[in-house]
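Enquirer: So here's start10.csv, just CSV, C-alpha atoms:
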```csv
chain,number,residue,atom,x,y,z
A,1,MET,CA,0.0,0.0,0.0
A,2,ARG,CA,2.8,2.3,0.8
A,3,GLN,CA,4.5,1.6,-2.6
A,4,LEU,CA,1.3,2.7,-4.3
A,5,ALA,CA,1.0,5.8,-2.3
A,6,ALA,CA,4.6,6.7,-3.2
A,7,LEU,CA,3.9,6.1,-7.0
A,8,ALA,CA,0.8,8.3,-7.0
A,9,PRO,CA,2.6,11.6,-7.2
A,10,LEU,CA,4.8,10.2,-10.1
A,11,ALA,CA,1.7,9.3,-12.0
A,12,LEU,CA,0.4,12.9,-11.6
A,13,LEU,CA,3.7,14.3,-12.9
A,14,LEU,CA,3.6,12.0,-15.9
A,15,ALA,CA,0.1,13.0,-16.8
A,16,GLY,CA,1.0,16.7,-16.7
A,17,CYS,CA,4.2,16.4,-18.8
A,18,GLY,CA,2.6,17.6,-22.0
A,19,LEU,CA,3.3,14.5,-24.0
A,20,HIS,CA,0.5,13.6,-26.5
A,21,PRO,CA,0.3,10.5,-28.7
A,22,MET,CA,1.0,11.6,-32.3
A,23,TYR,CA,-1.0,8.9,-33.9
A,24,ALA,CA,-4.0,9.1,-31.6
A,25,GLY,CA,-7.1,7.8,-33.3
A,26,GLY,CA,-5.2,5.3,-35.4
A,27,THR,CA,-5.8,5.6,-39.2
A,28,ARG,CA,-8.8,7.9,-38.5
A,29,GLY,CA,-6.7,10.4,-36.5
A,30,PRO,CA,-5.6,13.7,-38.0
A,31,VAL,CA,-2.0,12.8,-38.5
A,32,ALA,CA,-2.7,9.5,-40.3
A,33,GLN,CA,-5.4,11.3,-42.4
A,34,THR,CA,-2.9,14.0,-43.4
A,35,LEU,CA,-0.2,11.4,-44.3
A,36,ALA,CA,-2.7,9.3,-46.2
A,37,GLY,CA,-3.5,12.4,-48.3
A,38,VAL,CA,0.1,12.8,-49.5
A,39,GLU,CA,1.0,11.8,-53.1
A,40,VAL,CA,4.7,11.3,-53.9
A,41,ALA,CA,5.9,13.0,-57.1
A,42,PRO,CA,8.2,10.9,-59.3
A,43,ILE,CA,11.8,11.1,-58.1
A,44,GLU,CA,14.7,10.8,-60.6
A,45,GLY,CA,17.2,7.9,-60.7
A,46,LYS,CA,17.6,4.6,-59.0
A,47,ALA,CA,17.8,6.1,-55.6
A,48,GLY,CA,14.7,8.1,-56.4
A,49,TRP,CA,12.9,4.9,-57.4
A,50,LEU,CA,13.9,3.3,-54.1
A,51,VAL,CA,13.0,6.3,-51.9
A,52,GLY,CA,9.8,6.8,-53.8
A,53,ASN,CA,8.6,3.2,-53.3
A,54,ALA,CA,9.6,3.3,-49.6
A,55,LEU,CA,7.6,6.6,-49.1
A,56,ARG,CA,4.6,5.2,-50.9
A,57,ASP,CA,4.7,2.0,-48.8
A,58,LYS,CA,4.9,4.0,-45.6
A,59,LEU,CA,2.2,6.6,-46.5
A,60,SER,CA,-0.2,4.0,-47.9
A,61,ALA,CA,-0.2,2.2,-44.6
A,62,MET,CA,-2.1,5.2,-43.2
A,63,GLY,CA,-5.0,4.5,-45.5
A,64,SER,CA,-6.1,6.0,-48.8
A,65,VAL,CA,-7.9,9.3,-49.2
A,66,GLN,CA,-8.1,11.9,-52.0
A,67,PRO,CA,-4.6,13.5,-52.3
A,68,ARG,CA,-4.5,16.9,-50.7
A,69,TYR,CA,-0.7,17.3,-50.8
A,70,ARG,CA,2.2,16.5,-53.1
A,71,LEU,CA,5.6,15.5,-51.8
A,72,ASP,CA,8.5,16.8,-54.1
A,73,VAL,CA,11.8,15.2,-53.3
A,74,LYS,CA,15.3,15.9,-54.8
A,75,LEU,CA,18.1,13.5,-54.0
A,76,ASP,CA,21.8,13.8,-53.9
A,77,ASP,CA,23.5,10.4,-53.9
A,78,GLU,CA,27.3,10.4,-53.6
A,79,ILE,CA,30.0,7.8,-53.1
A,80,SER,CA,33.4,9.0,-51.9
A,81,GLY,CA,36.6,7.1,-51.1
A,82,LEU,CA,37.9,7.2,-47.5
A,83,GLY,CA,40.6,4.7,-46.9
A,84,VAL,CA,43.7,4.2,-49.1
A,85,ASN,CA,46.3,1.5,-48.7
A,86,ARG,CA,50.0,1.6,-49.6
A,87,GLN,CA,49.3,0.9,-53.2
A,88,ASP,CA,47.1,4.0,-53.4
A,89,VAL,CA,44.0,1.8,-53.8
A,90,THR,CA,40.7,2.8,-52.1
A,91,THR,CA,39.8,0.3,-49.3
A,92,ARG,CA,36.8,2.1,-47.8
A,93,GLU,CA,34.0,4.2,-49.2
A,94,ARG,CA,31.2,6.3,-47.8
A,95,ARG,CA,27.8,6.4,-49.6
A,96,THR,CA,25.8,9.5,-48.7
A,97,LEU,CA,22.1,10.0,-49.6
A,98,ARG,CA,20.6,13.4,-48.9
A,99,ALA,CA,17.1,14.5,-49.7
A,100,ARG,CA,15.5,17.9,-49.9
A,101,PHE,CA,11.8,17.6,-49.7
A,102,GLN,CA,8.8,19.9,-50.0
A,103,LEU,CA,5.2,19.3,-49.0
A,104,VAL,CA,2.9,21.3,-51.3
A,105,ASP,CA,-0.7,22.0,-50.8
A,106,LEU,CA,-2.5,20.9,-54.0
A,107,SER,CA,-5.4,23.3,-53.6
A,108,LYS,CA,-3.3,26.5,-53.1
A,109,GLY,CA,0.0,25.5,-54.6
A,110,THR,CA,1.9,26.7,-51.6
A,111,VAL,CA,4.8,25.0,-49.9
A,112,LEU,CA,3.9,24.0,-46.4
A,113,LEU,CA,7.1,22.3,-45.4
A,114,ASP,CA,10.6,22.6,-46.8
A,115,ASP,CA,13.2,20.3,-45.1
A,116,THR,CA,16.1,18.0,-45.6
A,117,ALA,CA,16.9,14.4,-44.5
A,118,GLY,CA,19.9,12.2,-45.0
A,119,SER,CA,22.1,9.4,-43.9
A,120,ASP,CA,25.4,7.8,-44.8
A,121,ALA,CA,26.9,4.3,-44.8
A,122,GLY,CA,30.4,2.9,-44.8
A,123,ILE,CA,31.4,0.3,-47.5
A,124,ASP,CA,34.4,-2.0,-47.5
A,125,VAL,CA,36.1,-2.1,-50.9
A,126,VAL,CA,37.3,-5.7,-51.4
A,127,GLY,CA,39.2,-7.5,-54.1
A,128,SER,CA,36.1,-8.6,-55.9
A,129,GLU,CA,34.5,-5.8,-58.0
A,130,TYR,CA,31.2,-7.6,-57.9
A,131,ALA,CA,31.2,-7.8,-54.1
A,132,THR,CA,31.9,-4.1,-53.9
A,133,ILE,CA,29.1,-3.2,-56.3
A,134,ALA,CA,26.7,-5.4,-54.4
A,135,ALA,CA,27.8,-3.7,-51.1
A,136,GLU,CA,27.2,-0.3,-52.7
A,137,ASN,CA,23.7,-1.3,-53.9
A,138,THR,CA,22.8,-2.8,-50.5
A,139,ALA,CA,24.0,0.5,-48.9
A,140,LEU,CA,21.7,2.5,-51.2
A,141,GLU,CA,18.7,0.2,-50.4
A,142,ASN,CA,19.3,0.7,-46.7
A,143,LEU,CA,19.9,4.4,-47.0
A,144,SER,CA,16.7,4.8,-49.0
A,145,GLY,CA,14.6,3.2,-46.2
A,146,ILE,CA,16.3,5.4,-43.6
A,147,VAL,CA,15.8,8.6,-45.6
A,148,ALA,CA,12.1,7.7,-46.2
A,149,ASP,CA,11.6,7.0,-42.5
A,150,GLN,CA,13.0,10.5,-41.7
A,151,ILE,CA,10.8,12.2,-44.3
A,152,VAL,CA,7.6,10.5,-43.0
A,153,ALA,CA,8.6,11.3,-39.4
A,154,ARG,CA,9.0,15.0,-40.3
A,155,LEU,CA,5.7,15.0,-42.2
A,156,ALA,CA,4.0,13.4,-39.2
A,157,LEU,CA,5.5,16.0,-36.9
A,158,TYR,CA,4.3,18.8,-39.2
A,159,ALA,CA,0.8,17.2,-39.4
A,160,HIS,CA,0.7,16.9,-35.6
A,161,ARG,CA,1.6,20.6,-35.1
A,162,ALA,CA,-0.4,22.1,-38.0
A,163,PRO,CA,-3.9,23.4,-37.3
A,164,GLN,CA,-6.5,20.8,-38.5
A,165,PRO,CA,-9.1,22.0,-41.0
```
For the file at hand, write its structure as structure tokens.

Expert:
Amino acid sequence: MRQLAALAPLALLLAGCGLHPMYAGGTRGPVAQTLAGVEVAPIEGKAGWLVGNALRDKLSAMGSVQPRYRLDVKLDDEISGLGVNRQDVTTRERRTLRARFQLVDLSKGTVLLDDTAGSDAGIDVVGSEYATIAAENTALENLSGIVADQIVARLALYAHRAPQP
């Protein structure tokens, strides 16, 4: 009984901390409805195809409604050499994927959100060219998912903070 009495003030503090569930209401909640109303514009290149598919998968999980917003994404995909051995051969690479994205209101044509996301991955360059190319492709696939997660998280935060119609 004493333990419960000691925990009661902590419960009151937690209730007053100002935290609110972002996805309250599930797929019918305001954040999920906003995300479901986002259409992804075509994105150039292989990285664009991967990021676009990842975004569409994550946004379609929120349901489907008439598109109210368009997501424009520009990507910068770069591979740079890091490690060099005594024979002046690259032994380590870094693949960087950066995205600049804009959320556009389709009815007004105004930009509601303009932000960036990005991540990078290290790649070991080995004796087999095939293995190195496979590692570079795997890194791009992983980075595409990470960048898409960051974009959706920022869209959700925007939807959570924006006034609801």

Enquirer: From the set A:Ile151, A:Leu50, A:Ala41, A:Ile123, which residue has the shortest atom-to-atom contact distance to Arg92 (chain A), counting all atoms listed in the file?

Expert: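 Using all atoms listed in the file, Arg92 (chain A) sits closest to A:Ile123.
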
Enquirer: Can you work out the spacing between CA of Thr116 (chain A) and CA of Ala99 (chain A) in Å, to one decimal?

Expert: 5.5 Å

Enquirer: Taking 4 positions as the minimum chain separation for residues in the same chain, which residues sit within 6 Å of region 73-83 of chain A when counting only C-alpha atoms? Answer as a PDB file with C-alpha atoms, keeping the file's coordinate frame.

Expert:
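Result file out38.pdb:
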```pdb
ATOM      1  CA  THR A  90      40.700   2.800 -52.100  1.00  0.00           C
ATOM      2  CA  THR A  91      39.800   0.300 -49.300  1.00  0.00           C
ATOM      3  CA  ARG A  92      36.800   2.100 -47.800  1.00  0.00           C
ATOM      4  CA  GLU A  93      34.000   4.200 -49.200  1.00  0.00           C
ATOM      5  CA  ARG A  94      31.200   6.300 -47.800  1.00  0.00           C
ATOM      6  CA  ARG A  95      27.800   6.400 -49.600  1.00  0.00           C
ATOM      7  CA  THR A  96      25.800   9.500 -48.700  1.00  0.00           C
ATOM      8  CA  LEU A  97      22.100  10.000 -49.600  1.00  0.00           C
ATOM      9  CA  ARG A  98      20.600  13.400 -48.900  1.00  0.00           C
ATOM     10  CA  ALA A  99      17.100  14.500 -49.700  1.00  0.00           C
ATOM     11  CA  ARG A 100      15.500  17.900 -49.900  1.00  0.00           C
ATOM     12  CA  PHE A 101      11.800  17.600 -49.700  1.00  0.00           C
TER      13      PHE A 101
END
```

Enquirer: Would you mind reading off the distance between CA of Arg70 (chain A) and CA of Asp105 (chain A), one decimal, in Å?

Expert: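 Separating CA of Arg70 (chain A) from CA of Asp105 (chain A) is a distance of 6.6 Å.
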
Enquirer: Can you pull out the residues contacting Leu35 (chain A)? Cut-off 12 Å, using all atoms listed in the file, and skip same-chain residues under 4 positions away; I want them as an mmCIF file with C-alpha atoms, in the frame of the given file.

Expert:
```cif
data_model
loop_
_atom_site.group_PDB
_atom_site.id
_atom_site.type_symbol
_atom_site.label_atom_id
_atom_site.label_comp_id
_atom_site.auth_asym_id
_atom_site.auth_seq_id
_atom_site.Cartn_x
_atom_site.Cartn_y
_atom_site.Cartn_z
ATOM 1 C CA TYR A 23 -1.000 8.900 -33.900
ATOM 2 C CA GLY A 26 -5.200 5.300 -35.400
ATOM 3 C CA THR A 27 -5.800 5.600 -39.200
ATOM 4 C CA ARG A 28 -8.800 7.900 -38.500
ATOM 5 C CA GLY A 29 -6.700 10.400 -36.500
ATOM 6 C CA PRO A 30 -5.600 13.700 -38.000
ATOM 7 C CA VAL A 31 -2.000 12.800 -38.500
ATOM 8 C CA GLU A 39 1.000 11.800 -53.100
ATOM 9 C CA VAL A 40 4.700 11.300 -53.900
ATOM 10 C CA LEU A 55 7.600 6.600 -49.100
ATOM 11 C CA ARG A 56 4.600 5.200 -50.900
ATOM 12 C CA ASP A 57 4.700 2.000 -48.800
ATOM 13 C CA LYS A 58 4.900 4.000 -45.600
ATOM 14 C CA LEU A 59 2.200 6.600 -46.500
ATOM 15 C CA SER A 60 -0.200 4.000 -47.900
ATOM 16 C CA ALA A 61 -0.200 2.200 -44.600
ATOM 17 C CA MET A 62 -2.100 5.200 -43.200
ATOM 18 C CA GLY A 63 -5.000 4.500 -45.500
ATOM 19 C CA SER A 64 -6.100 6.000 -48.800
ATOM 20 C CA VAL A 65 -7.900 9.300 -49.200
ATOM 21 C CA GLN A 66 -8.100 11.900 -52.000
ATOM 22 C CA PRO A 67 -4.600 13.500 -52.300
ATOM 23 C CA ARG A 68 -4.500 16.900 -50.700
ATOM 24 C CA TYR A 69 -0.700 17.300 -50.800
ATOM 25 C CA ARG A 70 2.200 16.500 -53.100
ATOM 26 C CA LEU A 71 5.600 15.500 -51.800
ATOM 27 C CA LEU A 103 5.200 19.300 -49.000
ATOM 28 C CA ILE A 151 10.800 12.200 -44.300
ATOM 29 C CA VAL A 152 7.600 10.500 -43.000
ATOM 30 C CA ALA A 153 8.600 11.300 -39.400
ATOM 31 C CA ARG A 154 9.000 15.000 -40.300
ATOM 32 C CA LEU A 155 5.700 15.000 -42.200
ATOM 33 C CA ALA A 156 4.000 13.400 -39.200
ATOM 34 C CA LEU A 157 5.500 16.000 -36.900
ATOM 35 C CA TYR A 158 4.300 18.800 -39.200
ATOM 36 C CA ALA A 159 0.800 17.200 -39.400
ATOM 37 C CA HIS A 160 0.700 16.900 -35.600
#
```

Enquirer: Calculate how many Å separate CA of Leu143 (chain A) from CA of Asp120 (chain A), rounding to one decimal.

Expert: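 Going from CA of Leu143 (chain A) over to CA of Asp120 (chain A) covers 6.8 Å.
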